[in-house]
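Raw contents of upload-v1.tsv, TSV, C-alpha atoms and all ligand atoms:
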```
chain	number	residue	atom	x	y	z
A	134	MET	CA	60.57	-85.84	2.90
A	135	LYS	CA	57.66	-84.00	1.32
A	136	SER	CA	54.40	-83.58	3.22
A	137	LYS	CA	51.60	-85.93	2.33
A	138	ASN	CA	49.68	-83.72	-0.08
A	139	SER	CA	50.35	-85.17	-3.51
A	140	VAL	CA	48.68	-87.09	-6.27
A	141	LEU	CA	51.37	-89.46	-7.51
A	142	LYS	CA	50.62	-90.42	-11.12
A	143	VAL	CA	52.68	-93.36	-12.38
A	144	ASN	CA	52.46	-94.19	-16.07
A	145	SER	CA	54.03	-97.18	-17.79
A	146	SER	CA	52.55	-97.29	-21.29
A	147	SER	CA	55.05	-97.19	-24.14
A	148	ARG	CA	52.43	-95.26	-26.09
A	149	PHE	CA	51.69	-91.60	-25.59
A	150	ALA	CA	48.90	-89.66	-27.37
A	151	ASP	CA	46.92	-92.83	-28.16
A	152	SER	CA	47.50	-94.46	-24.79
A	153	ILE	CA	44.22	-95.24	-23.06
A	154	SER	CA	45.81	-95.76	-19.63
A	155	ARG	CA	47.57	-92.40	-19.89
A	156	GLN	CA	44.32	-90.63	-20.78
A	157	VAL	CA	42.41	-92.23	-17.91
A	158	THR	CA	45.14	-91.64	-15.30
A	159	GLN	CA	45.18	-88.01	-16.45
A	160	LEU	CA	41.40	-87.71	-16.05
A	161	ILE	CA	41.52	-89.22	-12.56
A	162	SER	CA	44.45	-87.04	-11.48
A	163	ASP	CA	42.73	-83.91	-12.84
A	164	ARG	CA	39.58	-84.83	-10.93
A	165	LEU	CA	41.47	-85.36	-7.67
A	166	LEU	CA	43.37	-82.12	-8.06
A	167	SER	CA	40.17	-80.22	-8.87
A	168	VAL	CA	38.38	-81.36	-5.71
A	169	ASP	CA	41.25	-80.49	-3.36
A	170	ALA	CA	43.24	-77.34	-4.05
A	171	ASP	CA	45.91	-78.36	-1.52
A	172	LEU	CA	46.99	-81.34	-3.62
A	173	THR	CA	49.91	-81.13	-6.02
A	174	LEU	CA	50.82	-83.50	-8.82
A	175	ILE	CA	53.90	-85.69	-8.95
A	176	ASP	CA	54.14	-87.01	-12.50
A	177	ARG	CA	56.28	-90.14	-12.64
A	178	ASP	CA	56.59	-91.38	-16.20
A	179	LEU	CA	58.46	-94.66	-16.09
A	180	THR	CA	59.40	-94.46	-19.79
A	181	THR	CA	61.95	-91.83	-18.75
A	182	GLY	CA	63.79	-94.61	-16.95
A	183	VAL	CA	63.57	-96.89	-13.96
A	184	ASN	CA	66.42	-99.05	-12.76
A	185	PHE	CA	66.51	-102.80	-12.41
A	186	ILE	CA	67.72	-104.25	-9.14
A	187	THR	CA	71.43	-105.10	-9.14
A	188	GLU	CA	73.61	-107.10	-6.75
A	189	ASP	CA	75.02	-103.83	-5.37
A	190	TRP	CA	71.46	-102.58	-4.83
A	191	ILE	CA	70.54	-105.69	-2.86
A	192	GLY	CA	73.70	-105.44	-0.76
A	193	ALA	CA	73.07	-101.78	-0.02
A	194	ASN	CA	69.42	-102.35	0.81
A	195	PHE	CA	70.25	-105.13	3.26
A	196	THR	CA	72.91	-103.04	4.96
A	197	ASP	CA	71.58	-101.13	7.95
A	198	VAL	CA	71.13	-97.41	7.15
A	199	SER	CA	73.64	-96.44	9.85
A	200	GLU	CA	76.29	-98.70	8.31
A	201	ARG	CA	75.79	-97.86	4.65
A	202	SER	CA	78.77	-96.43	2.79
A	203	ALA	CA	78.40	-93.32	0.65
A	204	GLU	CA	78.56	-95.59	-2.41
A	205	GLN	CA	75.76	-97.78	-1.07
A	206	THR	CA	73.59	-94.75	-0.35
A	207	ALA	CA	74.25	-93.57	-3.89
A	208	VAL	CA	73.28	-96.97	-5.33
A	209	LEU	CA	69.91	-96.64	-3.58
A	210	ALA	CA	69.40	-92.94	-4.39
A	211	ASP	CA	66.99	-93.39	-7.32
A	212	SER	CA	64.98	-95.94	-5.38
A	213	THR	CA	64.88	-93.64	-2.36
A	214	GLU	CA	63.57	-90.81	-4.56
A	215	LEU	CA	60.74	-93.06	-5.76
A	216	VAL	CA	59.96	-94.06	-2.17
A	217	ASP	CA	59.92	-90.39	-1.11
A	218	GLU	CA	57.39	-89.69	-3.85
A	219	LEU	CA	55.25	-92.51	-2.49
A	220	PHE	CA	55.44	-91.22	1.08
A	221	ALA	CA	54.41	-87.78	-0.22
A	222	ALA	CA	51.32	-89.24	-1.87
A	223	GLN	CA	47.80	-89.09	-0.57
A	224	TYR	CA	46.57	-90.57	-3.82
A	225	LEU	CA	48.38	-92.99	-6.10
A	226	VAL	CA	47.13	-93.25	-9.68
A	227	ILE	CA	48.77	-96.05	-11.66
A	228	GLY	CA	48.45	-96.61	-15.39
A	229	ALA	CA	48.86	-100.32	-16.09
A	230	PRO	CA	48.39	-101.33	-19.71
A	231	MET	CA	48.16	-105.07	-20.06
A	232	TYR	CA	51.26	-106.45	-21.75
A	233	ASN	CA	51.26	-110.21	-22.27
A	234	PHE	CA	48.61	-110.83	-19.61
A	235	SER	CA	50.32	-108.78	-16.93
A	236	ILE	CA	51.85	-105.38	-16.16
A	237	PRO	CA	54.63	-103.78	-18.26
A	238	ALA	CA	58.20	-104.56	-17.19
A	239	LEU	CA	58.66	-100.86	-16.41
A	240	LEU	CA	55.92	-101.00	-13.79
A	241	LYS	CA	57.31	-104.20	-12.31
A	242	ALA	CA	60.69	-102.48	-12.07
A	243	TRP	CA	59.02	-99.58	-10.20
A	244	PHE	CA	57.46	-102.01	-7.71
A	245	ASP	CA	60.88	-103.62	-7.22
A	246	GLN	CA	62.35	-100.18	-6.49
A	247	ILE	CA	59.70	-99.15	-3.95
A	248	ALA	CA	59.44	-102.43	-2.04
A	249	ARG	CA	62.20	-101.67	0.49
A	250	ALA	CA	62.63	-103.71	3.66
A	251	LYS	CA	62.59	-101.55	6.82
A	252	LEU	CA	61.41	-98.59	4.73
A	253	THR	CA	58.15	-99.50	3.00
A	254	PHE	CA	57.60	-102.86	4.74
A	255	GLU	CA	58.99	-104.76	7.68
A	256	TYR	CA	58.82	-108.26	9.08
A	257	THR	CA	57.27	-108.65	12.51
A	258	ASP	CA	56.61	-111.63	14.79
A	259	THR	CA	53.17	-111.83	13.25
A	260	GLY	CA	54.29	-111.53	9.63
A	261	PRO	CA	55.03	-108.75	7.17
A	262	ARG	CA	53.68	-105.26	7.80
A	263	GLY	CA	53.34	-102.48	5.24
A	264	LEU	CA	54.73	-99.10	6.24
A	265	VAL	CA	53.11	-96.87	3.60
A	266	GLU	CA	50.05	-95.47	5.31
A	267	GLY	CA	47.10	-93.31	4.31
A	268	VAL	CA	47.29	-93.79	0.55
A	269	LYS	CA	44.26	-94.33	-1.67
A	270	ALA	CA	45.24	-96.05	-4.94
A	271	TYR	CA	43.53	-96.13	-8.30
A	272	VAL	CA	44.93	-98.65	-10.77
A	273	VAL	CA	43.88	-98.16	-14.38
A	274	ILE	CA	44.13	-101.32	-16.45
A	275	ALA	CA	43.87	-100.99	-20.23
A	276	SER	CA	43.70	-104.20	-22.22
A	277	GLY	CA	43.11	-105.17	-25.82
A	278	GLY	CA	40.90	-108.17	-25.33
A	279	VAL	CA	41.47	-109.83	-21.97
A	280	THR	CA	38.67	-108.88	-19.60
A	281	VAL	CA	39.84	-107.18	-16.43
A	282	GLY	CA	39.07	-109.54	-13.55
A	283	SER	CA	39.01	-112.64	-15.75
A	284	GLU	CA	41.24	-115.67	-15.19
A	285	TYR	CA	43.72	-114.38	-17.81
A	286	ASP	CA	44.14	-111.03	-16.07
A	287	PHE	CA	47.39	-111.45	-14.10
A	288	SER	CA	47.63	-107.71	-13.45
A	289	SER	CA	44.82	-106.91	-11.00
A	290	LYS	CA	45.63	-109.43	-8.28
A	291	TYR	CA	49.36	-108.90	-8.54
A	292	VAL	CA	49.08	-105.12	-8.19
A	293	GLN	CA	46.69	-105.46	-5.24
A	294	GLN	CA	49.03	-107.95	-3.57
A	295	VAL	CA	52.18	-105.87	-3.89
A	296	LEU	CA	50.43	-102.63	-2.90
A	297	GLY	CA	48.87	-104.38	0.10
A	298	PHE	CA	52.28	-105.74	1.07
A	299	ILE	CA	53.66	-102.21	1.46
A	300	GLY	CA	50.54	-101.05	3.31
A	301	ILE	CA	48.26	-99.73	0.58
A	302	SER	CA	45.07	-101.72	0.96
A	303	ASP	CA	42.60	-99.11	-0.29
A	304	VAL	CA	42.92	-100.01	-3.97
A	305	THR	CA	40.34	-99.44	-6.69
A	306	ILE	CA	40.97	-101.34	-9.92
A	307	ILE	CA	39.57	-99.45	-12.89
A	308	ASP	CA	38.87	-101.19	-16.16
A	309	ALA	CA	39.75	-98.43	-18.66
A	310	SER	CA	37.18	-99.76	-21.10
A	311	LYS	CA	34.51	-98.53	-18.69
A	312	ILE	CA	35.45	-94.95	-19.60
A	313	ASP	CA	34.26	-93.91	-23.06
A	314	LEU	CA	36.99	-91.49	-24.02
A	315	ALA	CA	35.10	-90.43	-27.14
A	316	ALA	CA	32.07	-89.29	-25.13
A	317	GLY	CA	31.61	-85.64	-24.18
A	318	ASP	CA	33.13	-84.23	-21.02
A	319	ALA	CA	29.90	-84.43	-19.01
A	320	VAL	CA	29.51	-88.13	-19.82
A	321	ILE	CA	33.16	-88.84	-19.08
A	322	GLN	CA	32.89	-87.08	-15.72
A	323	GLN	CA	29.76	-89.12	-14.93
A	324	GLN	CA	31.54	-92.36	-15.83
A	325	LEU	CA	34.51	-91.33	-13.72
A	326	SER	CA	32.25	-90.71	-10.74
A	327	ALA	CA	30.75	-94.15	-11.16
A	328	VAL	CA	34.08	-95.98	-11.26
A	329	ILE	CA	36.21	-93.93	-8.88
A	330	GLY	CA	33.53	-92.87	-6.40
A	331	LEU	CA	34.94	-89.48	-5.56
A	332	GLU	CA	31.72	-88.16	-4.10
A	333	LYS	CA	33.28	-88.02	-0.63
A	334	ALA	CA	36.18	-85.90	-1.81
A	335	ALA	CA	33.98	-83.62	-3.95
B	401	LIG	C1	53.41	-105.44	-26.07
B	401	LIG	C2	51.92	-105.52	-25.93
B	401	LIG	C3	51.37	-106.60	-25.31
B	401	LIG	C4	49.99	-106.70	-25.15
B	401	LIG	N1	49.46	-107.77	-24.51
B	401	LIG	C5	48.10	-107.83	-24.31
B	401	LIG	C6	47.52	-108.92	-23.59
B	401	LIG	O1	48.17	-109.85	-23.14
B	401	LIG	N2	46.19	-108.92	-23.42
B	401	LIG	C7	45.38	-107.91	-23.89
B	401	LIG	O2	44.17	-107.96	-23.71
B	401	LIG	N3	45.92	-106.85	-24.55
B	401	LIG	C8	47.24	-106.80	-24.78
B	401	LIG	N4	47.79	-105.72	-25.44
B	401	LIG	C9	46.91	-104.61	-25.83
B	401	LIG	C10	47.01	-103.48	-24.83
B	401	LIG	O3	46.74	-103.91	-23.51
B	401	LIG	C11	46.05	-102.36	-25.20
B	401	LIG	O4	46.41	-101.84	-26.47
B	401	LIG	C12	46.04	-101.24	-24.18
B	401	LIG	O5	45.16	-100.23	-24.60
B	401	LIG	C13	47.45	-100.68	-23.98
B	401	LIG	O6	47.43	-99.62	-23.06
B	401	LIG	P1	47.66	-98.12	-23.55
B	401	LIG	O7	46.48	-97.81	-24.46
B	401	LIG	O8	47.65	-97.31	-22.34
B	401	LIG	O9	48.95	-98.07	-24.30
B	401	LIG	C14	49.16	-105.64	-25.62
B	401	LIG	C15	49.75	-104.54	-26.25
B	401	LIG	C16	51.11	-104.47	-26.40
B	401	LIG	C17	51.71	-103.26	-27.07
```

Represent the structure from my file as structure tokens, please.
Ligand SMILES: Cc1cc2nc3c(=O)[nH]c(=O)nc-3n(C[C@H](O)[C@H](O)[C@H](O)COP(=O)(O)O)c2cc1C
Amino acid sequence: MKSKNSVLKVNSSSRFADSISRQVTQLISDRLLSVDADLTLIDRDLTTGVNFITEDWIGANFTDVSERSAEQTAVLADSTELVDELFAAQYLVIGAPMYNFSIPALLKAWFDQIARAKLTFEYTDTGPRGLVEGVKAYVVIASGGVTVGSEYDFSSKYVQQVLGFIGISDVTIIDASKIDLAAGDAVIQQQLSAVIGLEKAA
């Protein structure tokens, strides 16, 4: 497992150059990397592929690690790689364009791959406990008309819930419309400071 010194950037927009969420996650990642030279970037672009959960995956995941066959370990290998990236992260920067009132299917698939019983969460006598510690998350939501935080935004609360479930409770939701990407660099940096509050890290 990598040491915890990474900015994990997870993008899920099907658009590229014109994608607002991709531009804002890039700006945030650049800012984080610029204030701490020890950080390195892990760039996880979900459009390159993320698996759906299969019956074999479920069977392998519910088999104790010590009893897993080589085939079962292989079935979980991609998921385990994603979990390793998460454990290596000090910062998690997620691009979440709003698709049909919620997150893209690619991002949901990523959450399904990283929510691993006994690895990223566990059940205790007092309820579930997240096992991913020490991660600060920024979630960039880009929408076309639905206001972030409104009753039709089914992204913000869901993302906060699932991140909290695996132990990431320090989550800042960023409405991408609050960053004027056409403004000059100084203005953009000012707007970033206002929404991501990186003064402490700077
Ligand atoms: C398939 C699809 C579904 C969308 N659904 C919504 C929606 O439910 N609500 C909304 O406000 N915008 C919706 N939009 C607009 C996008 O959220 C908006 O274009 C956003 O900027 C996309 O993120 P991106 O710029 O990073 O690609 C949708 C766009 C697409 C392509």

Requested in this report: Select the residues contacting ligand LIG 401 (chain B) at a distance of at most 12 Å, based on all atoms listed in the file, then format the selection as a ChimeraX atom specification.
Outcome: /A:143-159,180,227-239,272-288,308-310,314

Query raised in the report: In terms of the shortest atom-to-atom distance over all atoms listed in the file, which of A:Tyr224, A:Tyr291, A:Phe195, A:Phe185 is closest to Asp169 (chain A)?
Result: A:Tyr224

Report summary line: From CA of Ala222 (chain A) to CA of Ser139 (chain A) the spacing works out at 4.5 Å

Fewer than 3 positions away in the same chain doesn't count, so skip those; otherwise give me all residues within 10 Å of Leu165 (chain A), counting only C-alpha atoms, as a PDB file with C-alpha atoms, keeping the file's coordinate frame.
```pdb
ATOM      1  CA  SER A 139      50.350 -85.170  -3.510  1.00  0.00           C
ATOM      2  CA  VAL A 140      48.680 -87.090  -6.270  1.00  0.00           C
ATOM      3  CA  GLN A 159      45.180 -88.010 -16.450  1.00  0.00           C
ATOM      4  CA  LEU A 160      41.400 -87.710 -16.050  1.00  0.00           C
ATOM      5  CA  ILE A 161      41.520 -89.220 -12.560  1.00  0.00           C
ATOM      6  CA  SER A 162      44.450 -87.040 -11.480  1.00  0.00           C
ATOM      7  CA  VAL A 168      38.380 -81.360  -5.710  1.00  0.00           C
ATOM      8  CA  ASP A 169      41.250 -80.490  -3.360  1.00  0.00           C
ATOM      9  CA  ALA A 170      43.240 -77.340  -4.050  1.00  0.00           C
ATOM     10  CA  LEU A 172      46.990 -81.340  -3.620  1.00  0.00           C
ATOM     11  CA  THR A 173      49.910 -81.130  -6.020  1.00  0.00           C
ATOM     12  CA  LEU A 174      50.820 -83.500  -8.820  1.00  0.00           C
ATOM     13  CA  TYR A 224      46.570 -90.570  -3.820  1.00  0.00           C
ATOM     14  CA  VAL A 226      47.130 -93.250  -9.680  1.00  0.00           C
ATOM     15  CA  LEU A 331      34.940 -89.480  -5.560  1.00  0.00           C
ATOM     16  CA  ALA A 334      36.180 -85.900  -1.810  1.00  0.00           C
ATOM     17  CA  ALA A 335      33.980 -83.620  -3.950  1.00  0.00           C
TER      18      ALA A 335
END
```

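We find CA of Asp245 (chain A) and CA of Ile301 (chain A) to be spaced 15.3 Å apart.
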
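Here CA of Phe244 (chain A) stands at a distance of 14.7 Å from CA of Asn194 (chain A).
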
Query raised in the report: Near Thr187 (chain A), counting all atoms listed in the file, which residues have an atom at most 12 Å away, once you skip same-chain residues fewer than 6 positions from it, shown as number ranges by chain?
Result: A: 193-194, 205, 208-209, 212, 242, 245-246
